[in-house]
Structures are given as C-alpha cells and as structure tokens.
$ cat upload29.csv   # CSV, C-alpha atoms
chain,number,residue,atom,x,y,z
Z,1,MET,CA,-58.9,67.5,-8.1
Z,2,ARG,CA,-61.0,67.8,-5.0
Z,3,LYS,CA,-60.3,71.1,-3.4
Z,4,LEU,CA,-61.7,73.7,-1.1
Z,5,SER,CA,-60.6,77.2,-2.1
Z,6,VAL,CA,-59.7,80.1,0.0
Z,7,GLY,CA,-59.6,83.8,-0.9
Z,8,LEU,CA,-58.1,86.7,1.0
Z,9,ILE,CA,-59.8,90.0,1.0
Z,10,ALA,CA,-58.0,93.4,1.1
Z,11,THR,CA,-59.1,93.5,4.7
Z,12,PHE,CA,-57.6,90.0,5.1
Z,13,ALA,CA,-61.0,88.3,5.0
Z,14,LEU,CA,-61.2,84.7,3.8
Z,15,ALA,CA,-63.5,82.6,1.6
Z,16,PHE,CA,-64.0,78.8,1.3
Z,17,LEU,CA,-65.8,76.3,-0.8
Z,18,PRO,CA,-67.1,72.8,-0.1
Z,19,ASN,CA,-64.9,69.7,-0.4
Z,20,THR,CA,-66.2,68.5,-3.8
Z,21,GLN,CA,-64.5,67.3,-6.9
Z,22,SER,CA,-63.5,70.3,-9.0
Z,23,GLU,CA,-61.9,71.5,-12.1
Z,24,ALA,CA,-60.0,75.0,-12.0
Z,25,SER,CA,-59.9,77.8,-12.6
Z,26,LEU,CA,-61.1,74.2,-12.6
Z,27,GLY,CA,-64.4,74.5,-14.4
Z,28,GLY,CA,-63.3,78.0,-15.4
Z,29,VAL,CA,-63.4,79.2,-19.0
Z,30,GLU,CA,-60.9,81.2,-21.0
Z,31,ASP,CA,-61.7,84.8,-20.2
Z,32,TYR,CA,-60.1,88.2,-20.9
Z,33,SER,CA,-62.7,90.4,-19.2
Z,34,ASN,CA,-60.4,91.3,-16.3
Z,35,PRO,CA,-57.8,93.8,-17.6
Z,36,ARG,CA,-55.6,93.5,-14.5
Z,37,ILE,CA,-55.0,89.7,-14.1
Z,38,VAL,CA,-51.3,88.9,-14.5
Z,39,PRO,CA,-49.3,85.7,-15.0
Z,40,MET,CA,-46.2,85.3,-12.7
Z,41,TYR,CA,-43.0,83.6,-13.7
Z,42,ASN,CA,-40.0,82.5,-11.7
Z,43,HIS,CA,-37.6,82.6,-14.7
Z,44,SER,CA,-37.0,85.1,-17.5
Z,45,ARG,CA,-37.5,82.4,-20.2
Z,46,THR,CA,-40.3,79.9,-19.3
Z,47,ASP,CA,-43.9,79.4,-20.3
Z,48,TRP,CA,-44.7,77.9,-16.9
Z,49,VAL,CA,-47.0,80.3,-15.0
Z,50,ALA,CA,-46.0,79.8,-11.3
Z,51,TYR,CA,-49.0,81.7,-9.9
Z,52,SER,CA,-51.1,84.8,-10.5
Z,53,ALA,CA,-51.3,88.4,-9.5
Z,54,PHE,CA,-53.5,91.5,-9.9
Z,55,LEU,CA,-52.2,94.8,-11.3
Z,56,TYR,CA,-53.3,97.5,-8.9
Z,57,SER,CA,-51.3,100.4,-10.6
Z,58,PRO,CA,-48.6,100.5,-13.3
Z,59,ARG,CA,-45.8,99.1,-11.1
Z,60,ILE,CA,-47.7,97.6,-8.1
Z,61,LEU,CA,-49.0,94.0,-8.0
Z,62,PHE,CA,-51.3,92.4,-5.3
Z,63,THR,CA,-50.5,88.7,-4.9
Z,64,VAL,CA,-49.9,86.0,-2.2
Z,65,ALA,CA,-47.1,85.7,0.4
Z,66,HIS,CA,-46.9,81.9,0.0
Z,67,GLY,CA,-44.9,82.4,-3.2
Z,68,GLU,CA,-42.0,83.4,-0.9
Z,69,TYR,CA,-42.7,81.0,2.0
Z,70,TYR,CA,-45.5,78.8,3.3
Z,71,PHE,CA,-46.5,76.9,6.5
Z,72,ASP,CA,-46.9,73.2,6.8
Z,73,ASN,CA,-49.8,71.7,8.7
Z,74,ASN,CA,-47.8,72.0,11.9
Z,75,GLY,CA,-47.4,75.7,11.4
Z,76,ASN,CA,-43.7,75.4,10.5
Z,77,ARG,CA,-42.4,78.1,8.1
Z,78,ILE,CA,-41.0,76.7,4.8
Z,79,ASP,CA,-38.9,79.1,2.7
Z,80,ARG,CA,-39.2,78.9,-1.1
Z,81,SER,CA,-38.4,82.3,-2.4
Z,82,PRO,CA,-37.3,82.2,-6.0
Z,83,LYS,CA,-34.1,84.0,-7.1
Z,84,GLU,CA,-36.0,86.0,-9.6
Z,85,THR,CA,-39.7,86.7,-10.2
Z,86,TYR,CA,-41.3,88.3,-13.3
Z,87,ALA,CA,-44.7,89.6,-14.1
Z,88,GLY,CA,-46.2,88.9,-17.6
Z,89,LEU,CA,-48.4,91.4,-19.3
Z,90,PRO,CA,-52.0,91.6,-18.1
Z,91,ASN,CA,-54.3,89.1,-19.8
Z,92,SER,CA,-51.4,87.6,-21.8
Z,93,LYS,CA,-50.9,84.0,-22.8
Z,94,GLY,CA,-48.0,82.1,-21.2
Z,95,ALA,CA,-45.1,81.7,-23.6
Z,96,ALA,CA,-41.3,81.4,-23.1
Z,97,ASP,CA,-40.7,84.6,-25.1
Z,98,SER,CA,-43.5,86.6,-23.7
Z,99,PRO,CA,-42.7,90.2,-22.5
Z,100,ARG,CA,-42.3,90.4,-18.7
Z,101,VAL,CA,-41.1,92.8,-16.0
Z,102,LYS,CA,-38.9,91.9,-13.1
Z,103,VAL,CA,-40.1,92.2,-9.5
Z,104,ILE,CA,-37.6,94.3,-7.5
Z,105,LYS,CA,-39.3,94.5,-4.1
Z,106,ARG,CA,-41.6,92.2,-2.1
Z,107,ILE,CA,-43.7,93.4,0.9
Z,108,LEU,CA,-45.3,90.6,2.8
Z,109,SER,CA,-48.2,91.0,5.2
Z,110,LYS,CA,-47.2,91.0,8.8
Z,111,THR,CA,-50.4,89.0,9.6
Z,112,TYR,CA,-49.3,86.1,7.4
Z,113,ARG,CA,-49.6,83.0,9.7
Z,114,PHE,CA,-51.1,79.5,10.1
Z,115,ASP,CA,-54.1,78.9,12.5
Z,116,ASN,CA,-55.6,75.7,11.2
Z,117,ALA,CA,-55.9,77.7,8.0
Z,118,THR,CA,-53.5,80.0,6.2
Z,119,LEU,CA,-54.4,83.6,7.2
Z,120,GLY,CA,-53.1,87.0,6.1
Z,121,ASP,CA,-51.6,85.4,3.0
Z,122,PHE,CA,-51.1,88.7,1.1
Z,123,ALA,CA,-48.2,90.5,-0.6
Z,124,VAL,CA,-47.4,93.6,-2.5
Z,125,PHE,CA,-44.8,93.4,-5.3
Z,126,VAL,CA,-43.1,96.4,-6.8
Z,127,LEU,CA,-41.9,96.1,-10.4
Z,128,GLU,CA,-38.8,97.4,-12.1
Z,129,LYS,CA,-40.8,99.5,-14.5
Z,130,ASP,CA,-44.4,100.1,-15.5
Z,131,LEU,CA,-46.2,97.0,-16.7
Z,132,ALA,CA,-49.2,98.8,-18.2
Z,133,ASP,CA,-50.6,102.3,-18.4
Z,134,VAL,CA,-53.4,102.0,-15.8
Z,135,LYS,CA,-54.9,104.0,-13.0
Z,136,PRO,CA,-55.1,102.6,-9.4
Z,137,VAL,CA,-58.1,100.4,-9.2
Z,138,LYS,CA,-61.0,100.9,-6.8
Z,139,LEU,CA,-60.8,98.8,-3.5
Z,140,LEU,CA,-63.3,97.2,-1.3
Z,141,THR,CA,-64.6,99.2,1.7
Z,142,PRO,CA,-66.5,97.9,4.8
Z,143,GLU,CA,-69.6,99.7,3.6
Z,144,ILE,CA,-69.5,98.1,0.1
Z,145,GLU,CA,-68.7,94.8,1.6
Z,146,ALA,CA,-71.8,94.8,3.8
Z,147,GLU,CA,-73.9,95.8,0.7
Z,148,LEU,CA,-72.4,93.0,-1.5
Z,149,VAL,CA,-72.8,90.3,1.2
Z,150,ALA,CA,-76.4,91.3,1.9
Z,151,LYS,CA,-77.4,90.7,-1.7
Z,152,ASN,CA,-75.2,87.6,-2.2
Z,153,ALA,CA,-73.3,89.3,-5.0
Z,154,GLU,CA,-71.7,87.2,-7.6
Z,155,LEU,CA,-67.9,87.4,-7.8
Z,156,ASN,CA,-65.7,87.1,-10.9
Z,157,ILE,CA,-62.6,85.0,-9.9
Z,158,HIS,CA,-59.7,85.0,-12.3
Z,159,GLY,CA,-56.4,83.0,-12.3
Z,160,TYR,CA,-53.9,81.0,-14.4
Z,161,GLY,CA,-54.4,77.8,-12.4
Z,162,ALA,CA,-54.4,74.1,-13.2
Z,163,PHE,CA,-57.5,72.9,-15.0
Z,164,THR,CA,-57.5,69.1,-15.0
Z,165,ASP,CA,-59.1,66.9,-12.4
Z,166,THR,CA,-56.7,64.5,-10.7
Z,167,CYS,CA,-59.4,62.6,-8.9
Z,168,ALA,CA,-61.0,59.7,-10.7
Z,169,ALA,CA,-64.7,59.0,-10.2
Z,170,GLY,CA,-65.4,57.7,-6.7
Z,171,GLN,CA,-61.8,58.4,-5.6
Z,172,THR,CA,-61.2,60.0,-2.2
Z,173,LEU,CA,-58.5,62.4,-1.1
Z,174,PRO,CA,-55.6,62.4,-1.5
Z,175,CYS,CA,-55.7,61.8,-5.3
Z,176,ALA,CA,-52.9,62.0,-7.9
Z,177,THR,CA,-49.9,64.1,-6.8
Z,178,ASP,CA,-48.4,64.8,-10.2
Z,179,ILE,CA,-47.8,68.4,-11.0
Z,180,GLN,CA,-50.7,69.6,-13.2
Z,181,GLU,CA,-50.4,71.6,-16.3
Z,182,ARG,CA,-51.1,75.3,-15.7
Z,183,SER,CA,-53.3,77.3,-17.9
Z,184,LYS,CA,-51.5,79.4,-20.5
Z,185,PHE,CA,-54.3,82.0,-20.4
Z,186,PRO,CA,-56.6,83.5,-17.7
Z,187,ARG,CA,-59.6,81.5,-16.6
Z,188,LEU,CA,-62.8,82.7,-14.9
Z,189,PHE,CA,-65.3,81.1,-12.6
Z,190,THR,CA,-67.9,82.7,-10.5
Z,191,ALA,CA,-69.2,82.3,-6.9
Z,192,LYS,CA,-71.6,84.1,-4.6
Z,193,LEU,CA,-70.9,85.9,-1.4
Z,194,TYR,CA,-72.4,84.7,1.8
Z,195,SER,CA,-71.9,85.4,5.5
Z,196,LEU,CA,-69.6,83.1,7.4
Z,197,SER,CA,-72.5,81.6,9.4
Z,198,GLU,CA,-74.4,80.8,6.2
Z,199,VAL,CA,-71.4,79.1,4.6
Z,200,GLU,CA,-70.7,77.1,7.9
Z,201,LYS,CA,-74.3,75.8,7.7
Z,202,ILE,CA,-73.8,74.8,4.0
Z,203,VAL,CA,-70.6,72.9,4.6
Z,204,GLY,CA,-71.6,71.5,8.0
Z,205,TYR,CA,-68.6,72.6,10.1
Z,206,GLN,CA,-67.3,75.8,11.7
Z,207,ARG,CA,-64.2,77.9,11.0
Z,208,PRO,CA,-64.1,80.3,14.0
Z,209,GLN,CA,-60.7,81.6,12.9
Z,210,LEU,CA,-62.4,83.2,9.9
Z,211,LYS,CA,-64.7,85.4,12.1
Z,212,GLY,CA,-65.0,88.8,10.5
Z,213,SER,CA,-64.1,87.4,7.1
Z,214,LEU,CA,-65.9,87.8,3.8
Z,215,THR,CA,-66.8,84.3,2.6
Z,216,TYR,CA,-68.1,82.9,-0.7
Z,217,PHE,CA,-69.5,79.6,-1.8
Z,218,ARG,CA,-70.0,77.7,-5.0
Z,219,ALA,CA,-71.2,74.1,-5.1
Z,220,GLY,CA,-70.3,71.5,-7.7
Z,221,LYS,CA,-67.3,70.6,-9.8
Z,222,THR,CA,-65.5,74.0,-9.9
Z,223,SER,CA,-62.8,75.5,-7.7
Z,224,LEU,CA,-59.6,77.4,-7.4
Z,225,CYS,CA,-56.4,75.3,-8.1
Z,226,SER,CA,-52.7,75.4,-8.0
Z,227,GLY,CA,-51.6,78.5,-10.0
Z,228,ASP,CA,-54.7,80.5,-9.2
Z,229,SER,CA,-53.1,81.8,-6.0
Z,230,GLY,CA,-52.6,85.5,-6.2
Z,231,GLY,CA,-55.4,86.0,-8.7
Z,232,SER,CA,-58.3,88.2,-8.0
Z,233,SER,CA,-62.0,88.2,-7.0
Z,234,THR,CA,-63.7,91.3,-8.5
Z,235,VAL,CA,-67.1,92.7,-9.2
Z,236,ILE,CA,-68.3,95.6,-11.4
Z,237,TYR,CA,-69.6,98.1,-8.9
Z,238,LYS,CA,-71.4,101.2,-10.2
Z,239,GLY,CA,-69.8,100.7,-13.5
Z,240,GLU,CA,-66.2,100.3,-12.2
Z,241,LEU,CA,-64.0,97.4,-11.6
Z,242,LEU,CA,-63.8,96.8,-7.8
Z,243,TYR,CA,-61.0,94.6,-6.3
Z,244,LEU,CA,-62.2,92.4,-3.5
Z,245,THR,CA,-59.7,89.6,-2.9
Z,246,VAL,CA,-56.4,88.0,-3.6
Z,247,THR,CA,-57.3,84.3,-4.0
Z,248,ILE,CA,-55.4,81.6,-2.2
Z,249,TYR,CA,-55.2,78.0,-3.3
Z,250,ARG,CA,-55.2,75.5,-0.5
Z,251,ASP,CA,-56.3,71.8,0.0
Z,252,TRP,CA,-59.0,71.3,2.6
Z,253,GLU,CA,-59.8,67.8,3.9
$ encode --input "upload29.csv" --output "structure tokens"
Amino acid sequence: MRKLSVGLIATFALAFLPNTQSEASLGGVEDYSNPRIVPMYNHSRTDWVAYSAFLYSPRILFTVAHGEYYFDNNGNRIDRSPKETYAGLPNSKGAADSPRVKVIKRILSKTYRFDNATLGDFAVFVLEKDLADVKPVKLLTPEIEAELVAKNAELNIHGYGAFTDTCAAGQTLPCATDIQERSKFPRLFTAKLYSLSEVEKIVGYQRPQLKGSLTYFRAGKTSLCSGDSGGSSTVIYKGELLYLTVTIYRDWE
C-alpha cells in the first residue's frame, strides 16, 4: 500500500508523508500506551473496525467528518452516513461481542471541504453514556505547537487501520483495490514534526493550501492507512498526554 498520510490538528492543521510503499498503522506495532484511542463500529454486532476516534472526555469523541460524507477528486460531496455508529472501549480489541456505546450526536466541522486536499476533516461525536471515567485531555496551543515544531518533536500516532501492503515490489499506483483487513487492536507508529517549508523541500513539491498547518514527516515503509482515520497524534508534554491531531487517511499520487 503506497500512501501519503494526512493528519488534522485541533486548529485544522494538516500533515503529510512522502509517496512511498508503506505498511500501516502500516509498519505500526500493537500498542496500548494511548489510553484514549477508540475503535468505531457501524453495527452493534461486528468485529470490523470502520475507523478510529479519540476519547476527549467521558462522552465526547474527536474523529473525522469523512465517516459521514466525503469529497471525490472533483470536490463533489458523497454521503455515506451509517444508520448507527458505536464506540468501543478505549484500547479494546475488536470483537463482535465487545462492549460499545452508541453515538447520539455528530457535530461536523464547518470548514470541512476539498481544495486539492481534504481540509477541515474533523468531527465531534457525543455518546449515549460515558465510555470511560476520564478527565478532559490537554489540547495543543499555538505556543506549544511552536515549541514542538522548533525541536522536531516525535509524535505518537495511533489507529486501528489496515496493516498489509497491497503493492507488490516494483509496482506503481494504483495497486490492489481489495478491502484490507483492519487491525483488531490499536497500532502505533511515530513521525517527527517539521515546518511546512521543510516538508515541501523533502517531498519535492508544494502544498500552498496547507499554509499555517502543522506538518510531520516519516520516510520509509510506514504510513497511515484505511481505518486509522479519526485516530490521534499525541505527545507526552510535561508529563501529561497532549492531543495534537485527528489523523486522516488519504491516497496521494
């Protein structure tokens, strides 16, 4: 699976990786260090993890808007809102009989749009009841962002995405289109923060629509994949978990 991955910051900043062959969550390892990562299901009895989310507080999830609708490459809106959506327990393994709580309200970002890239892809979900007894997590601020970018801080990126490579050696995009098996447990890979200008130099092209965005980069065979969308990029900042991004899976050619 050769992918470029995009992440959306709480301030609607984006991130992207180079167009290289990748593995998930590709290249990611089973990891339970993020106590807020949540598997999302579109049925009350399924082990298929549709996408990921982050538990901000007992009944509030941060996730992606494209679980409700998305844009094609011409900017046309395509609806795909499921009849029902459920959140599994944080850090739980996917199983048909696993405990889950129903989503009762979806709040989509008004900035969600397509401009030669999916921008503003963010949503807040409200649950029917508490999913876990947790306090609201600490969020990124502009001051902390500047500090982290200046030192090229390493991010922890969690999700329940696909984890097999659909591109054979030497194969070019597009590769196999079969639906990939999703991870039944949270996976982790890491990447470093860079300024947009630094990343543009690395990948060799410009993304002007990402001006003002927080960007990260990791070379090699590792990437976000289908299912990681809605997961989180976090760091431990001064001893506390700090939420930076909701991650967005997207193909980049």
$ residues_near_point --input "upload29.csv" --point "(-60.8, 87.2, -5.4)" --cutoff "7 Å" --atoms "all atoms listed in the file" --output "ChimeraX atom specification"
/Z:7-8,157,231-234,244-247
$ closest_residue --input "upload29.csv" --among "Z:Leu89, Z:Ile37, Z:Val49, Z:Ala117" --to "Arg207 (chain Z)" --atoms "all atoms listed in the file"
Z:Ala117
$ atom_distance --input "upload29.csv" --atom1 "CA of Gly159 (chain Z)" --atom2 "CA of Pro208 (chain Z)"
27.5 Å
$ closest_residue --input "upload29.csv" --among "Z:Pro58, Z:Gly161, Z:Gly230, Z:Pro142" --to "Glu128 (chain Z)" --atoms "only C-alpha atoms"
Z:Pro58
$ closest_residue --input "upload29.csv" --among "Z:Glu154, Z:Glu68, Z:Glu198, Z:Glu145" --to "Lys105 (chain Z)" --atoms "only C-alpha atoms"
Z:Glu68
$ closest_residue --input "upload29.csv" --among "Z:Leu131, Z:Val124, Z:Val64, Z:Leu119" --to "Ser92 (chain Z)" --atoms "all atoms listed in the file"
Z:Leu131
$ atom_distance --input "upload29.csv" --atom1 "CA of Ile144 (chain Z)" --atom2 "CA of Thr111 (chain Z)"
23.2 Å
$ atom_distance --input "upload29.csv" --atom1 "CA of Lys129 (chain Z)" --atom2 "CA of Lys102 (chain Z)"
8.0 Å
$ residues_around --input "upload29.csv" --residues "Asn34 (chain Z)" --least-positions-apart "6" --cutoff "9 Å" --atoms "all atoms listed in the file" --output "ChimeraX atom specification"
/Z:90-91,156,158,186,234,241
$ closest_residue --input "upload29.csv" --among "Z:Arg106, Z:Lys184, Z:Lys138, Z:Lys201" --to "Gly67 (chain Z)" --atoms "only C-alpha atoms"
Z:Arg106
$ residues_near_point --input "upload29.csv" --point "(-52.2, 80.7, 14.3)" --cutoff "10 Å" --atoms "only C-alpha atoms" --output "PyMOL selection string"
chain Z and resi 75+111-119+209
$ write_last_selection --input "upload29.csv" --atoms "C-alpha atoms" --output "PDB file, in the coordinates of the input"
ATOM      1  CA  GLY Z  75     -47.400  75.700  11.400  1.00  0.00           C
ATOM      2  CA  THR Z 111     -50.400  89.000   9.600  1.00  0.00           C
ATOM      3  CA  TYR Z 112     -49.300  86.100   7.400  1.00  0.00           C
ATOM      4  CA  ARG Z 113     -49.600  83.000   9.700  1.00  0.00           C
ATOM      5  CA  PHE Z 114     -51.100  79.500  10.100  1.00  0.00           C
ATOM      6  CA  ASP Z 115     -54.100  78.900  12.500  1.00  0.00           C
ATOM      7  CA  ASN Z 116     -55.600  75.700  11.200  1.00  0.00           C
ATOM      8  CA  ALA Z 117     -55.900  77.700   8.000  1.00  0.00           C
ATOM      9  CA  THR Z 118     -53.500  80.000   6.200  1.00  0.00           C
ATOM     10  CA  LEU Z 119     -54.400  83.600   7.200  1.00  0.00           C
ATOM     11  CA  GLN Z 209     -60.700  81.600  12.900  1.00  0.00           C
TER      12      GLN Z 209
END
$ build_atoms --input "upload29.csv" --residues "region 186-197 of chain Z" --atoms "all heavy atoms" --output "PDB file, in the coordinates of the input"
ATOM      1  N   PRO Z 186     -55.732  83.329 -18.924  1.00  0.00           N
ATOM      2  CA  PRO Z 186     -56.600  83.500 -17.700  1.00  0.00           C
ATOM      3  C   PRO Z 186     -57.889  82.797 -17.845  1.00  0.00           C
ATOM      4  O   PRO Z 186     -58.492  82.733 -18.920  1.00  0.00           O
ATOM      5  CB  PRO Z 186     -56.790  85.056 -17.718  1.00  0.00           C
ATOM      6  CG  PRO Z 186     -56.583  85.485 -19.125  1.00  0.00           C
ATOM      7  CD  PRO Z 186     -55.546  84.565 -19.693  1.00  0.00           C
ATOM      8  N   ARG Z 187     -58.311  82.232 -16.709  1.00  0.00           N
ATOM      9  CA  ARG Z 187     -59.600  81.500 -16.600  1.00  0.00           C
ATOM     10  C   ARG Z 187     -60.486  82.222 -15.605  1.00  0.00           C
ATOM     11  O   ARG Z 187     -60.003  82.837 -14.671  1.00  0.00           O
ATOM     12  CB  ARG Z 187     -59.379  80.066 -16.249  1.00  0.00           C
ATOM     13  CG  ARG Z 187     -58.712  79.244 -17.333  1.00  0.00           C
ATOM     14  CD  ARG Z 187     -58.460  77.816 -16.870  1.00  0.00           C
ATOM     15  NE  ARG Z 187     -57.855  77.036 -17.934  1.00  0.00           N
ATOM     16  CZ  ARG Z 187     -58.526  76.252 -18.772  1.00  0.00           C
ATOM     17  NH1 ARG Z 187     -59.839  76.164 -18.665  1.00  0.00           N
ATOM     18  NH2 ARG Z 187     -57.900  75.579 -19.707  1.00  0.00           N
ATOM     19  N   LEU Z 188     -61.769  82.051 -15.805  1.00  0.00           N
ATOM     20  CA  LEU Z 188     -62.800  82.700 -14.900  1.00  0.00           C
ATOM     21  C   LEU Z 188     -63.765  81.646 -14.435  1.00  0.00           C
ATOM     22  O   LEU Z 188     -64.205  80.785 -15.183  1.00  0.00           O
ATOM     23  CB  LEU Z 188     -63.541  83.751 -15.718  1.00  0.00           C
ATOM     24  CG  LEU Z 188     -64.861  84.258 -15.088  1.00  0.00           C
ATOM     25  CD1 LEU Z 188     -64.596  85.110 -13.866  1.00  0.00           C
ATOM     26  CD2 LEU Z 188     -65.676  85.028 -16.126  1.00  0.00           C
ATOM     27  N   PHE Z 189     -64.070  81.705 -13.129  1.00  0.00           N
ATOM     28  CA  PHE Z 189     -65.300  81.100 -12.600  1.00  0.00           C
ATOM     29  C   PHE Z 189     -65.944  82.040 -11.658  1.00  0.00           C
ATOM     30  O   PHE Z 189     -65.324  83.002 -11.220  1.00  0.00           O
ATOM     31  CB  PHE Z 189     -65.069  79.676 -12.064  1.00  0.00           C
ATOM     32  CG  PHE Z 189     -64.442  79.636 -10.692  1.00  0.00           C
ATOM     33  CD1 PHE Z 189     -65.229  79.620  -9.558  1.00  0.00           C
ATOM     34  CD2 PHE Z 189     -63.064  79.569 -10.551  1.00  0.00           C
ATOM     35  CE1 PHE Z 189     -64.654  79.548  -8.294  1.00  0.00           C
ATOM     36  CE2 PHE Z 189     -62.481  79.496  -9.296  1.00  0.00           C
ATOM     37  CZ  PHE Z 189     -63.281  79.492  -8.168  1.00  0.00           C
ATOM     38  N   THR Z 190     -67.187  81.807 -11.341  1.00  0.00           N
ATOM     39  CA  THR Z 190     -67.900  82.700 -10.500  1.00  0.00           C
ATOM     40  C   THR Z 190     -68.408  82.027  -9.224  1.00  0.00           C
ATOM     41  O   THR Z 190     -68.537  80.804  -9.182  1.00  0.00           O
ATOM     42  CB  THR Z 190     -69.146  83.313 -11.234  1.00  0.00           C
ATOM     43  OG1 THR Z 190     -70.019  82.258 -11.619  1.00  0.00           O
ATOM     44  CG2 THR Z 190     -68.694  84.093 -12.465  1.00  0.00           C
ATOM     45  N   ALA Z 191     -68.644  82.808  -8.185  1.00  0.00           N
ATOM     46  CA  ALA Z 191     -69.200  82.300  -6.900  1.00  0.00           C
ATOM     47  C   ALA Z 191     -69.949  83.427  -6.258  1.00  0.00           C
ATOM     48  O   ALA Z 191     -69.761  84.604  -6.588  1.00  0.00           O
ATOM     49  CB  ALA Z 191     -68.043  81.815  -6.020  1.00  0.00           C
ATOM     50  N   LYS Z 192     -70.803  83.073  -5.305  1.00  0.00           N
ATOM     51  CA  LYS Z 192     -71.600  84.100  -4.600  1.00  0.00           C
ATOM     52  C   LYS Z 192     -71.142  84.310  -3.200  1.00  0.00           C
ATOM     53  O   LYS Z 192     -70.710  83.393  -2.516  1.00  0.00           O
ATOM     54  CB  LYS Z 192     -73.091  83.668  -4.626  1.00  0.00           C
ATOM     55  CG  LYS Z 192     -73.742  83.783  -5.990  1.00  0.00           C
ATOM     56  CD  LYS Z 192     -75.238  83.603  -5.900  1.00  0.00           C
ATOM     57  CE  LYS Z 192     -75.883  83.833  -7.265  1.00  0.00           C
ATOM     58  NZ  LYS Z 192     -77.367  83.718  -7.186  1.00  0.00           N
ATOM     59  N   LEU Z 193     -71.235  85.558  -2.767  1.00  0.00           N
ATOM     60  CA  LEU Z 193     -70.900  85.900  -1.400  1.00  0.00           C
ATOM     61  C   LEU Z 193     -71.973  85.503  -0.417  1.00  0.00           C
ATOM     62  O   LEU Z 193     -73.163  85.634  -0.711  1.00  0.00           O
ATOM     63  CB  LEU Z 193     -70.698  87.444  -1.294  1.00  0.00           C
ATOM     64  CG  LEU Z 193     -69.445  88.047  -1.911  1.00  0.00           C
ATOM     65  CD1 LEU Z 193     -69.542  89.566  -1.883  1.00  0.00           C
ATOM     66  CD2 LEU Z 193     -68.219  87.579  -1.159  1.00  0.00           C
ATOM     67  N   TYR Z 194     -71.521  84.995   0.733  1.00  0.00           N
ATOM     68  CA  TYR Z 194     -72.400  84.700   1.800  1.00  0.00           C
ATOM     69  C   TYR Z 194     -71.740  85.065   3.130  1.00  0.00           C
ATOM     70  O   TYR Z 194     -70.517  85.190   3.194  1.00  0.00           O
ATOM     71  CB  TYR Z 194     -72.729  83.162   1.879  1.00  0.00           C
ATOM     72  CG  TYR Z 194     -73.555  82.641   0.727  1.00  0.00           C
ATOM     73  CD1 TYR Z 194     -72.956  82.220  -0.447  1.00  0.00           C
ATOM     74  CD2 TYR Z 194     -74.942  82.567   0.824  1.00  0.00           C
ATOM     75  CE1 TYR Z 194     -73.712  81.731  -1.506  1.00  0.00           C
ATOM     76  CE2 TYR Z 194     -75.709  82.075  -0.221  1.00  0.00           C
ATOM     77  CZ  TYR Z 194     -75.084  81.668  -1.386  1.00  0.00           C
ATOM     78  OH  TYR Z 194     -75.838  81.187  -2.429  1.00  0.00           O
ATOM     79  N   SER Z 195     -72.530  85.219   4.178  1.00  0.00           N
ATOM     80  CA  SER Z 195     -71.900  85.400   5.500  1.00  0.00           C
ATOM     81  C   SER Z 195     -71.243  84.170   5.937  1.00  0.00           C
ATOM     82  O   SER Z 195     -71.550  83.068   5.459  1.00  0.00           O
ATOM     83  CB  SER Z 195     -73.008  85.840   6.503  1.00  0.00           C
ATOM     84  OG  SER Z 195     -73.878  84.740   6.765  1.00  0.00           O
ATOM     85  N   LEU Z 196     -70.312  84.289   6.873  1.00  0.00           N
ATOM     86  CA  LEU Z 196     -69.600  83.100   7.400  1.00  0.00           C
ATOM     87  C   LEU Z 196     -70.573  82.109   7.988  1.00  0.00           C
ATOM     88  O   LEU Z 196     -70.450  80.905   7.764  1.00  0.00           O
ATOM     89  CB  LEU Z 196     -68.567  83.536   8.428  1.00  0.00           C
ATOM     90  CG  LEU Z 196     -67.801  82.407   9.110  1.00  0.00           C
ATOM     91  CD1 LEU Z 196     -67.026  81.572   8.097  1.00  0.00           C
ATOM     92  CD2 LEU Z 196     -66.857  82.967  10.174  1.00  0.00           C
ATOM     93  N   SER Z 197     -71.549  82.567   8.743  1.00  0.00           N
ATOM     94  CA  SER Z 197     -72.500  81.600   9.400  1.00  0.00           C
ATOM     95  C   SER Z 197     -73.297  80.876   8.326  1.00  0.00           C
ATOM     96  O   SER Z 197     -73.593  79.690   8.507  1.00  0.00           O
ATOM     97  CB  SER Z 197     -73.447  82.412  10.299  1.00  0.00           C
ATOM     98  OG  SER Z 197     -74.200  83.377   9.587  1.00  0.00           O
TER      99      SER Z 197
END
